[in-house]
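Raw work_22.txt, compact mmCIF, C-alpha atoms and all ligand atoms:
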```
# COMPACT_ATOMS: atom_id res chain seq x y z
CA MET A 1 66.28 99.93 114.01
CA ASN A 2 69.87 100.10 115.25
CA ALA A 3 70.54 101.97 118.41
CA GLY A 4 73.67 104.00 119.03
CA LEU A 5 73.85 106.16 115.91
CA SER A 6 74.28 109.29 117.98
CA ASP A 7 77.61 110.95 118.69
CA SER A 8 78.20 108.77 121.76
CA ARG A 9 81.33 106.66 121.57
CA PRO A 10 81.23 102.88 121.85
CA SER A 11 83.27 101.25 124.57
CA GLU A 12 86.40 99.37 123.59
CA ASN A 13 84.63 96.01 123.72
CA GLU A 14 81.61 97.29 121.81
CA LEU A 15 83.95 98.60 119.17
CA ILE A 16 85.72 95.28 118.80
CA ASP A 17 82.31 93.56 118.52
CA LEU A 18 81.18 96.04 115.86
CA HIS A 19 84.31 95.36 113.83
CA ARG A 20 83.95 91.61 114.17
CA LYS A 21 80.26 91.66 113.28
CA HIS A 22 80.27 94.09 110.37
CA LEU A 23 83.80 94.56 109.08
CA GLY A 24 85.24 91.08 109.25
CA ARG A 25 88.25 89.40 110.67
CA GLY A 26 90.92 91.75 109.26
CA ARG A 27 89.76 94.70 111.31
CA SER A 28 89.24 92.70 114.49
CA GLN A 29 92.73 91.21 114.16
CA LEU A 30 94.03 94.75 114.51
CA ALA A 31 92.39 94.84 117.91
CA ALA A 32 94.34 91.74 118.88
CA LEU A 33 97.59 93.37 117.72
CA PHE A 34 97.12 96.86 119.02
CA GLY A 35 94.83 96.23 122.00
CA SER A 36 93.02 99.26 123.17
CA LEU A 37 94.42 101.78 120.68
CA VAL A 38 91.45 103.53 119.09
CA GLU A 39 92.03 106.51 116.83
CA ASP A 40 90.37 109.67 117.96
CA SER A 41 91.84 112.57 116.03
CA ALA A 42 94.79 113.58 113.88
CA ALA A 43 96.60 116.78 113.01
CA GLY A 44 99.87 117.26 111.16
CA ALA A 45 102.27 114.48 112.04
CA ARG A 46 100.26 113.47 115.13
CA VAL A 47 97.51 110.95 115.66
CA THR A 48 95.80 110.78 119.04
CA THR A 49 93.99 107.79 120.52
CA THR A 50 90.85 107.91 122.64
CA ASP A 51 92.88 107.27 125.79
CA GLY A 52 94.86 110.43 125.09
CA GLN A 53 98.07 108.88 123.80
CA GLU A 54 99.86 110.71 120.99
CA PHE A 55 101.68 108.99 118.14
CA LEU A 56 104.02 110.32 115.50
CA ASN A 57 102.48 109.25 112.21
CA CYS A 58 105.12 108.05 109.75
CA GLY A 59 102.69 105.60 108.17
CA GLY A 60 99.31 106.12 106.53
CA TYR A 61 100.50 104.35 103.36
CA GLY A 62 101.75 107.60 101.91
CA VAL A 63 98.60 109.64 102.37
CA PHE A 64 99.92 112.19 104.87
CA PHE A 65 102.57 113.96 102.80
CA ALA A 66 101.16 117.34 103.89
CA GLY A 67 100.31 115.97 107.33
CA ALA A 68 96.87 114.92 108.52
CA GLY A 69 94.01 117.38 108.11
CA HIS A 70 96.08 120.32 106.91
CA PRO A 71 94.19 123.41 108.15
CA ARG A 72 94.11 125.04 104.70
CA VAL A 73 92.71 121.89 103.13
CA VAL A 74 90.17 121.40 105.92
CA GLU A 75 89.05 125.01 105.57
CA ALA A 76 88.71 124.71 101.78
CA VAL A 77 86.69 121.50 102.16
CA ARG A 78 84.52 122.97 104.93
CA ARG A 79 83.67 126.01 102.85
CA GLN A 80 82.92 123.88 99.80
CA ALA A 81 80.76 121.51 101.89
CA GLU A 82 78.73 124.41 103.17
CA ARG A 83 78.29 125.96 99.75
CA GLN A 84 77.96 122.92 97.49
CA ALA A 85 79.42 119.51 98.26
CA LEU A 86 78.22 117.68 95.14
CA SER A 87 77.21 119.12 91.79
CA THR A 88 74.33 118.46 89.39
CA ARG A 89 76.89 117.27 86.82
CA LEU A 90 74.80 119.13 84.22
CA PHE A 91 76.14 122.65 84.65
CA LEU A 92 79.72 123.86 84.74
CA ASP A 93 81.38 123.58 88.12
CA PRO A 94 84.19 125.94 89.17
CA ALA A 95 85.76 123.57 91.74
CA VAL A 96 86.72 120.88 89.24
CA GLY A 97 88.08 123.42 86.75
CA LEU A 98 90.23 125.08 89.40
CA ALA A 99 91.45 121.73 90.75
CA ALA A 100 92.46 120.62 87.26
CA GLN A 101 94.24 123.93 86.72
CA ALA A 102 96.14 123.58 90.01
CA LEU A 103 97.16 119.97 89.39
CA THR A 104 98.24 120.47 85.78
CA SER A 105 100.21 123.58 86.78
CA VAL A 106 102.61 121.34 88.74
CA ALA A 107 102.43 118.32 86.38
CA PRO A 108 105.13 117.39 83.86
CA ALA A 109 104.77 119.54 80.72
CA GLY A 110 102.22 118.30 78.22
CA LEU A 111 100.02 116.39 80.67
CA ASP A 112 97.21 118.91 80.35
CA ARG A 113 94.17 116.67 80.67
CA VAL A 114 92.86 115.22 83.93
CA HIS A 115 90.35 112.61 84.95
CA PHE A 116 89.56 112.56 88.67
CA SER A 117 88.48 109.53 90.68
CA GLY A 118 88.53 108.32 94.26
CA SER A 119 91.27 105.72 94.66
CA GLY A 120 94.60 104.74 93.16
CA ALA A 121 93.01 101.61 91.73
CA GLU A 122 90.39 103.67 89.90
CA ALA A 123 93.14 105.80 88.39
CA THR A 124 94.76 102.60 87.12
CA GLU A 125 91.42 101.46 85.64
CA THR A 126 91.09 104.77 83.82
CA ALA A 127 94.59 104.42 82.35
CA VAL A 128 93.91 100.85 81.24
CA LYS A 129 90.73 101.97 79.47
CA LEU A 130 92.47 104.86 77.73
CA ALA A 131 95.23 102.47 76.62
CA ARG A 132 92.69 100.04 75.20
CA ALA A 133 90.77 102.83 73.50
CA HIS A 134 94.05 103.47 71.64
CA GLY A 135 94.31 99.83 70.60
CA ARG A 136 96.94 98.99 73.20
CA ARG A 137 95.51 95.60 74.20
CA ARG A 138 98.72 94.17 75.62
CA LEU A 139 99.58 95.42 79.08
CA ILE A 140 103.04 95.07 80.57
CA SER A 141 103.67 95.68 84.25
CA MET A 142 106.50 94.87 86.61
CA GLU A 143 106.88 91.91 88.94
CA ASN A 144 105.96 92.85 92.52
CA GLY A 145 104.53 96.15 91.28
CA TYR A 146 101.38 97.50 92.91
CA HIS A 147 98.59 99.32 91.11
CA GLY A 148 95.48 98.54 93.18
CA LYS A 149 93.07 95.66 93.70
CA THR A 150 90.01 96.30 91.52
CA VAL A 151 89.87 93.59 88.84
CA GLY A 152 91.59 95.56 86.07
CA ALA A 153 94.20 97.07 88.36
CA LEU A 154 94.74 93.70 90.03
CA SER A 155 95.66 92.27 86.62
CA LEU A 156 98.66 94.63 86.76
CA THR A 157 99.43 94.17 90.46
CA ALA A 158 101.83 91.32 89.84
CA LYS A 159 101.49 89.26 92.99
CA SER A 160 99.89 85.83 92.69
CA PHE A 161 98.70 85.86 96.30
CA TYR A 162 96.32 88.71 95.49
CA GLN A 163 95.54 87.58 91.94
CA ASP A 164 94.94 83.83 92.13
CA PRO A 165 91.55 83.75 93.91
CA PHE A 166 90.11 86.10 91.28
CA ARG A 167 91.24 84.58 88.00
CA PRO A 168 90.52 84.95 85.16
CA LEU A 169 91.80 88.52 85.20
CA LEU A 170 92.37 90.75 82.17
CA PRO A 171 93.89 88.87 79.24
CA GLY A 172 97.07 89.99 77.50
CA VAL A 173 99.01 91.04 80.59
CA THR A 174 102.74 90.30 80.90
CA HIS A 175 104.87 90.89 83.99
CA VAL A 176 108.59 91.52 83.62
CA PRO A 177 111.24 92.01 86.33
CA PHE A 178 111.44 95.61 87.57
CA GLY A 179 114.74 97.30 86.74
CA GLU A 180 115.62 94.92 83.90
CA VAL A 181 115.52 96.78 80.61
CA ALA A 182 116.38 93.70 78.53
CA ALA A 183 113.33 91.80 79.80
CA LEU A 184 111.05 94.68 78.89
CA ALA A 185 112.69 95.00 75.46
CA GLU A 186 112.08 91.30 74.87
CA ALA A 187 108.42 91.56 75.93
CA LEU A 188 107.91 94.55 73.63
CA ARG A 189 109.65 92.81 70.71
CA THR A 190 107.50 89.70 70.94
CA GLY A 191 104.21 91.62 70.72
CA GLY A 192 102.92 93.62 67.77
CA GLU A 193 104.19 97.18 67.30
CA GLY A 194 101.89 99.83 68.70
CA GLU A 195 99.85 97.30 70.66
CA ALA A 196 101.33 97.57 74.15
CA CYS A 197 100.99 99.78 77.18
CA VAL A 198 103.67 99.69 79.88
CA VAL A 199 102.74 100.50 83.48
CA VAL A 200 105.57 101.17 85.93
CA GLU A 201 106.32 102.86 89.27
CA PRO A 202 109.38 105.14 89.44
CA VAL A 203 110.26 103.48 92.76
CA GLN A 204 108.36 100.32 93.65
CA SER A 205 106.74 101.13 96.94
CA GLU A 206 104.63 98.14 98.07
CA ALA A 207 107.36 95.87 96.70
CA GLY A 208 109.47 97.15 99.60
CA VAL A 209 110.86 100.48 98.32
CA ILE A 210 112.79 99.03 95.38
CA MET A 211 114.96 101.59 93.62
CA PRO A 212 115.61 100.87 89.94
CA PRO A 213 119.12 101.18 88.50
CA PRO A 214 120.01 104.74 87.41
CA GLY A 215 118.56 105.63 84.03
CA TYR A 216 116.00 102.79 84.12
CA LEU A 217 112.85 104.87 83.66
CA ALA A 218 114.42 106.85 80.81
CA GLU A 219 115.31 103.58 79.09
CA VAL A 220 111.77 102.30 79.61
CA ALA A 221 110.46 105.49 78.01
CA ALA A 222 112.87 105.11 75.06
CA LEU A 223 111.75 101.50 74.53
CA CYS A 224 108.11 102.58 74.63
CA ARG A 225 108.80 105.19 71.95
CA GLU A 226 110.68 102.65 69.83
CA HIS A 227 107.82 100.14 69.96
CA ARG A 228 105.02 102.72 69.94
CA ALA A 229 103.87 101.54 73.35
CA LEU A 230 102.05 103.90 75.69
CA LEU A 231 103.84 104.65 78.95
CA VAL A 232 101.86 104.94 82.19
CA VAL A 233 103.90 106.02 85.20
CA ASP A 234 102.12 105.15 88.43
CA GLU A 235 102.99 107.95 90.84
CA VAL A 236 100.17 107.24 93.29
CA MET A 237 102.83 106.84 95.99
CA THR A 238 105.78 108.75 94.54
CA GLY A 239 104.02 111.81 93.12
CA LEU A 240 103.52 115.34 94.46
CA GLY A 241 106.86 115.53 96.24
CA ARG A 242 107.22 112.25 98.12
CA LEU A 243 110.60 111.53 96.46
CA GLY A 244 111.90 115.05 97.03
CA ALA A 245 110.89 116.13 93.52
CA TRP A 246 107.38 116.86 92.26
CA TRP A 247 107.43 113.60 90.29
CA GLY A 248 109.61 110.53 89.95
CA SER A 249 109.15 111.01 86.20
CA GLU A 250 110.72 114.44 86.52
CA LEU A 251 113.72 113.01 88.40
CA ALA A 252 114.16 110.55 85.53
CA GLY A 253 113.69 113.19 82.83
CA VAL A 254 110.69 111.30 81.44
CA ARG A 255 107.36 112.59 80.21
CA PRO A 256 104.84 109.75 80.40
CA ASP A 257 101.73 109.46 78.24
CA MET A 258 99.74 109.05 81.44
CA LEU A 259 100.61 109.68 85.07
CA LEU A 260 98.63 108.34 88.03
CA VAL A 261 98.21 110.46 91.16
CA GLY A 262 96.62 109.60 94.53
CA LYS A 263 97.45 109.47 98.23
CA ALA A 264 99.19 112.85 98.83
CA LEU A 265 96.55 114.48 96.58
CA SER A 266 94.18 114.05 99.52
CA GLY A 267 95.93 116.65 101.64
CA GLY A 268 95.34 114.15 104.42
CA VAL A 269 91.67 115.04 104.23
CA MET A 270 89.80 113.70 101.20
CA PRO A 271 90.02 110.41 99.28
CA VAL A 272 90.81 111.46 95.72
CA SER A 273 92.97 110.36 92.78
CA ALA A 274 93.63 111.43 89.21
CA VAL A 275 95.00 110.41 85.86
CA LEU A 276 96.94 113.06 83.99
CA ALA A 277 97.23 112.52 80.24
CA THR A 278 98.39 114.26 77.11
CA PRO A 279 95.56 115.66 74.95
CA GLU A 280 96.29 113.00 72.30
CA VAL A 281 95.99 110.16 74.79
CA PHE A 282 92.88 111.68 76.39
CA GLU A 283 91.23 112.07 72.98
CA PRO A 284 88.84 109.06 73.21
CA PHE A 285 87.23 110.64 76.30
CA ASP A 286 86.97 113.95 74.39
CA THR A 287 85.24 112.23 71.50
CA ASP A 288 82.66 110.67 73.77
CA PRO A 289 82.50 112.12 77.28
CA PHE A 290 80.16 109.28 78.32
CA LEU A 291 82.77 106.60 77.64
CA HIS A 292 84.17 106.77 81.15
CA THR A 293 82.08 108.40 83.86
CA SER A 294 81.45 108.04 87.56
CA THR A 295 78.93 109.83 89.76
CA TYR A 296 81.55 111.15 92.15
CA SER A 297 84.33 111.94 89.65
CA GLY A 298 85.41 115.53 90.17
CA ALA A 299 83.00 116.06 93.08
CA PRO A 300 83.33 119.70 94.27
CA ILE A 301 84.12 118.69 97.83
CA ALA A 302 87.06 116.54 96.69
CA MET A 303 88.15 119.17 94.19
CA ALA A 304 88.37 121.80 96.91
CA ALA A 305 90.82 119.47 98.66
CA VAL A 306 92.87 118.93 95.49
CA ARG A 307 93.30 122.62 94.79
CA ALA A 308 94.16 123.47 98.40
CA THR A 309 96.56 120.53 98.66
CA VAL A 310 98.53 121.49 95.57
CA GLU A 311 98.73 125.07 96.87
CA VAL A 312 99.91 123.90 100.29
CA ILE A 313 102.62 121.66 98.82
CA ARG A 314 103.79 124.53 96.59
CA ASP A 315 103.47 127.42 99.08
CA GLU A 316 105.07 125.57 102.00
CA GLY A 317 107.96 124.29 99.89
CA LEU A 318 107.14 120.72 100.89
CA VAL A 319 108.90 119.18 97.90
CA ASP A 320 112.26 120.68 98.88
CA ARG A 321 111.60 119.88 102.52
CA ALA A 322 111.00 116.24 101.58
CA ALA A 323 114.34 116.17 99.74
CA VAL A 324 116.30 117.73 102.61
CA THR A 325 114.58 115.93 105.50
CA GLY A 326 114.57 112.66 103.57
CA ALA A 327 118.31 112.73 102.85
CA ARG A 328 119.06 113.55 106.48
CA LEU A 329 116.74 110.82 107.77
CA LEU A 330 118.09 108.19 105.41
CA GLY A 331 121.64 108.84 106.56
CA ALA A 332 120.69 108.81 110.23
CA LEU A 333 118.53 105.66 109.96
CA ARG A 334 121.34 103.85 108.13
CA ALA A 335 123.86 104.81 110.79
CA ILE A 336 121.55 103.62 113.59
CA ALA A 337 120.81 100.32 111.82
CA ALA A 338 124.50 99.68 111.21
CA GLU A 339 125.38 100.43 114.81
CA ARG A 340 122.51 98.78 116.67
CA ALA A 341 121.40 95.84 114.56
CA PRO A 342 123.71 95.02 111.65
CA ARG A 343 122.56 91.40 111.73
CA LEU A 344 118.85 92.22 111.72
CA VAL A 345 118.69 95.01 109.14
CA ARG A 346 119.72 94.12 105.61
CA GLU A 347 119.35 97.57 104.11
CA VAL A 348 117.83 100.99 104.63
CA ARG A 349 116.98 102.57 101.27
CA GLY A 350 114.75 105.16 99.72
CA ALA A 351 114.37 108.55 98.14
CA GLY A 352 112.95 111.65 99.76
CA LEU A 353 110.38 110.64 102.34
CA LEU A 354 109.76 107.14 101.01
CA ILE A 355 112.07 104.99 103.09
CA GLY A 356 112.22 101.20 103.38
CA VAL A 357 113.94 99.26 106.14
CA GLU A 358 114.55 95.71 105.00
CA LEU A 359 114.85 93.25 107.89
CA ASP A 360 116.23 89.75 107.72
CA ASN A 361 112.72 88.25 107.58
CA ALA A 362 109.02 89.07 107.82
CA SER A 363 108.64 88.32 111.53
CA MET A 364 111.45 90.75 112.37
CA ALA A 365 109.68 93.40 110.30
CA GLY A 366 106.50 92.75 112.30
CA GLU A 367 108.53 93.02 115.46
CA LEU A 368 110.03 96.35 114.41
CA LEU A 369 106.58 97.74 113.59
CA LEU A 370 105.29 96.77 117.04
CA GLU A 371 108.39 98.09 118.81
CA MET A 372 107.94 101.42 117.02
CA VAL A 373 104.26 101.58 118.02
CA ASP A 374 105.31 100.84 121.61
CA ARG A 375 107.49 103.96 121.30
CA HIS A 376 104.61 105.94 119.84
CA VAL A 377 105.67 106.01 116.21
CA VAL A 378 103.41 104.59 113.49
CA VAL A 379 105.10 102.96 110.48
CA ASN A 380 103.81 100.63 107.76
CA HIS A 381 104.52 97.18 106.42
CA SER A 382 104.84 96.60 102.66
CA LEU A 383 101.98 94.75 100.95
CA ASN A 384 104.22 92.90 98.48
CA ALA A 385 107.34 92.50 100.65
CA HIS A 386 106.72 91.43 104.21
CA PRO A 387 110.35 91.82 105.44
CA VAL A 388 110.26 95.55 104.63
CA VAL A 389 108.97 98.25 106.99
CA ARG A 390 108.16 101.55 105.33
CA LEU A 391 108.47 105.05 106.70
CA THR A 392 106.50 107.75 104.93
CA PRO A 393 106.60 110.75 107.28
CA PRO A 394 104.96 114.04 106.38
CA ALA A 395 107.17 116.68 104.76
CA THR A 396 106.02 119.02 107.52
CA LEU A 397 108.10 117.07 110.06
CA THR A 398 109.78 119.41 112.56
CA PRO A 399 113.34 118.84 113.84
CA ALA A 400 111.88 117.72 117.19
CA GLU A 401 109.63 115.17 115.45
CA GLU A 402 112.56 113.99 113.36
CA ALA A 403 114.56 113.41 116.54
CA GLU A 404 111.60 111.55 118.06
CA LEU A 405 111.47 109.20 115.07
CA LEU A 406 115.20 108.51 115.25
CA THR A 407 115.12 107.87 119.00
CA ALA A 408 112.23 105.42 118.59
CA PHE A 409 114.09 103.64 115.78
CA ASP A 410 117.28 103.48 117.83
CA ASP A 411 115.51 102.16 120.95
CA SER A 412 113.43 99.67 118.92
CA LEU A 413 116.45 98.18 117.18
CA THR A 414 118.42 98.11 120.43
CA ALA A 415 115.60 96.15 122.09
CA MET A 416 115.29 93.81 119.11
CA ALA A 417 119.03 93.17 118.94
CA LYS A 418 118.85 92.03 122.57
CA ASN A 419 115.85 89.74 121.89
CA PHE A 420 117.33 88.18 118.78
CA SER A 421 120.88 87.78 120.06
N1 LIG B 1 99.54 102.47 92.84
C1 LIG B 1 100.49 102.54 93.77
C2 LIG B 1 101.89 102.82 93.35
C3 LIG B 1 100.19 102.36 95.12
O1 LIG B 1 101.17 102.43 96.05
C4 LIG B 1 98.85 102.11 95.48
C5 LIG B 1 98.43 101.91 96.93
N2 LIG B 1 99.36 101.39 97.77
C6 LIG B 1 97.88 102.04 94.46
C7 LIG B 1 98.25 102.23 93.16
C8 LIG B 1 96.44 101.74 94.78
O2 LIG B 1 95.86 102.80 95.43
P1 LIG B 1 94.50 102.57 96.27
O3 LIG B 1 94.86 101.72 97.44
O4 LIG B 1 94.08 103.97 96.63
O5 LIG B 1 93.53 101.91 95.35
```
Write out the structure in this file as structure tokens.
Amino acid sequence: MNAGLSDSRPSENELIDLHRKHLGRGRSQLAALFGSLVEDSAAGARVTTTDGQEFLNCGGYGVFFAGAGHPRVVEAVRRQAERQALSTRLFLDPAVGLAAQALTSVAPAGLDRVHFSGSGAEATETAVKLARAHGRRRLISMENGYHGKTVGALSLTAKSFYQDPFRPLLPGVTHVPFGEVAALAEALRTGGEGEACVVVEPVQSEAGVIMPPPGYLAEVAALCREHRALLVVDEVMTGLGRLGAWWGSELAGVRPDMLLVGKALSGGVMPVSAVLATPEVFEPFDTDPFLHTSTYSGAPIAMAAVRATVEVIRDEGLVDRAAVTGARLLGALRAIAAERAPRLVREVRGAGLLIGVELDNASMAGELLLEMVDRHVVVNHSLNAHPVVRLTPPATLTPAEEAELLTAFDDSLTAMAKNFS
């Protein structure tokens, strides 16, 4: 029997050994990069390490839109855990009904049906199955797009590095360049009418925060209507306020057939995702509720988090705060980049609180990430675009925290400009 399962904390070296032994090289490489930094706790925009250092968390791959462990979400989850964490799945369960009501109340009109799952990739899988159940056997996604890494979702995540070791993937998948309407039109024309499903992000996040040309999503939606293709908008990153609007679809004036939600839905507390669909699109799951099931789908403990999270985002005006803070940050970050490191930073772009800083190359992006961590600010890289560093701060950011982020960015770029000159 293994020792050490009590509450006692492993030493730094023991922890590195545990990672190496049980979790593989990826996790232990983090130890090499970040040395003795071991996460201990998190609240709001702060994450604290076991040695007592505090970091401003502008990373988390988009999860912490409402901050980490929002007290209202934690309280809702705690109460649900004490009363009933998981259900029998035989009887009706209030938590899932109330979560669905909360989420659909803020969703684009018409998306009244919900299927809950645990990760963004699972939401993609659900959408793919609904599309196929409607005879849409051709899937079209965008080059460099990201929709998860389970086998079905990976078929849509158009990056050969992630796909190649796992071929064959789903058949009938075409990738077209993001932002190019003509390429999509061509792909839709060459397939049979009513046989395709298009999957697209409003802003490509893992591709390095790529903004499409104005009107792109609306044109995609019009093409889908023309060719009777289903439209899935993947808002796992962009949804629930991240772009400074509830949905990227809303900004584009588009009502998708299906919309994928994840990350921010967690309230920084609970891994959970969802597919929203129109009743017509959801119909195959109505006809046979056993077509697509999962033991933990709609688990009360996760549903308590969903309901509380939607209420927090709404009651605290986080969507508007993301728009205002995001616009201010984007302007300030651009000014700093132009002043301190015009030869290192190619572009600072984004919408709301999804901001990408494109460096000249991948190693500079790595450097910026480490410089920011040195100055106690956590940021992320981009899975499909290594020269791009992403900032996804919480919408709860205070003016003092905002200033902290900007100072760290300024000092990091100043230091880098010296090193690279
Ligand atoms: N879709 C988008 C747009 C994403 O950004 C991500 C995660 N980066 C996913 C899907 C996959 O989500 P998960 O990692 O939870 O499977």
* 6 Å shell around ligand LIG 1 (chain B) using all atoms listed in the file, listed as an MDAnalysis selection string -> chainID A and resid 119:121 146:148 205:206 234:237
* Structure fact -> Counting all atoms listed in the file, the residue among A:Glu12, A:Glu201, A:Glu143, A:Asp360 that lies closest to Thr174 in chain A is A:Glu143
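Across A:Glu122, A:Val151, A:Ala42, A:Phe409, the tightest approach to Asp164 in chain A is made by A:Val151 when counting only C-alpha atoms.
If you measure from each of A:Gly268, A:Gly194, A:Pro289, A:Gly350 to Pro212 in chain A using only C-alpha atoms, the closest one turns out to be A:Gly350.
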* Ala341 in chain A environment, 7 Å, all atoms listed in the file, sequence neighbours closer than 2 positions dropped, as number ranges by chain -> A: 337-339, 343-345, 413-414, 417
* Asked: To one decimal place, how far is CA of Ala81 in chain A from CA of Lys263 in chain A in Å?
  -> 20.9 Å
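Between CA of Phe161 in chain A and CA of Leu353 in chain A lies a distance of 28.1 Å.
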* To do: Do a neighbour search on range 384-396 of chain A at 6 Å with only C-alpha atoms, toss out local chain neighbours closer than 2 positions, and write the hits as a ChimeraX atom specification.
  => /A:58-59,62,64-67,206-208,318,321-322,353-359,361-362,365,379-382
Include C-alpha atoms and write out the residues we just selected as a PDB file, in the coordinates of the input.
```
ATOM      1  CA  CYS A  58     105.120 108.050 109.750  1.00  0.00           C
ATOM      2  CA  GLY A  59     102.690 105.600 108.170  1.00  0.00           C
ATOM      3  CA  GLY A  62     101.750 107.600 101.910  1.00  0.00           C
ATOM      4  CA  PHE A  64      99.920 112.190 104.870  1.00  0.00           C
ATOM      5  CA  PHE A  65     102.570 113.960 102.800  1.00  0.00           C
ATOM      6  CA  ALA A  66     101.160 117.340 103.890  1.00  0.00           C
ATOM      7  CA  GLY A  67     100.310 115.970 107.330  1.00  0.00           C
ATOM      8  CA  GLU A 206     104.630  98.140  98.070  1.00  0.00           C
ATOM      9  CA  ALA A 207     107.360  95.870  96.700  1.00  0.00           C
ATOM     10  CA  GLY A 208     109.470  97.150  99.600  1.00  0.00           C
ATOM     11  CA  LEU A 318     107.140 120.720 100.890  1.00  0.00           C
ATOM     12  CA  ARG A 321     111.600 119.880 102.520  1.00  0.00           C
ATOM     13  CA  ALA A 322     111.000 116.240 101.580  1.00  0.00           C
ATOM     14  CA  LEU A 353     110.380 110.640 102.340  1.00  0.00           C
ATOM     15  CA  LEU A 354     109.760 107.140 101.010  1.00  0.00           C
ATOM     16  CA  ILE A 355     112.070 104.990 103.090  1.00  0.00           C
ATOM     17  CA  GLY A 356     112.220 101.200 103.380  1.00  0.00           C
ATOM     18  CA  VAL A 357     113.940  99.260 106.140  1.00  0.00           C
ATOM     19  CA  GLU A 358     114.550  95.710 105.000  1.00  0.00           C
ATOM     20  CA  LEU A 359     114.850  93.250 107.890  1.00  0.00           C
ATOM     21  CA  ASN A 361     112.720  88.250 107.580  1.00  0.00           C
ATOM     22  CA  ALA A 362     109.020  89.070 107.820  1.00  0.00           C
ATOM     23  CA  ALA A 365     109.680  93.400 110.300  1.00  0.00           C
ATOM     24  CA  VAL A 379     105.100 102.960 110.480  1.00  0.00           C
ATOM     25  CA  ASN A 380     103.810 100.630 107.760  1.00  0.00           C
ATOM     26  CA  HIS A 381     104.520  97.180 106.420  1.00  0.00           C
ATOM     27  CA  SER A 382     104.840  96.600 102.660  1.00  0.00           C
TER      28      SER A 382
END
```
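When only C-alpha atoms are used to compute distances to Ser160 in chain A, the closest of the residues A:Arg89, A:Asn144, A:Thr190, A:Glu371 turns out to be A:Asn144.
Closest approach to Thr309 in chain A from the set A:Ala31, A:Leu37, A:Val77, A:Val348 is made by A:Val77, with distances taken over only C-alpha atoms.
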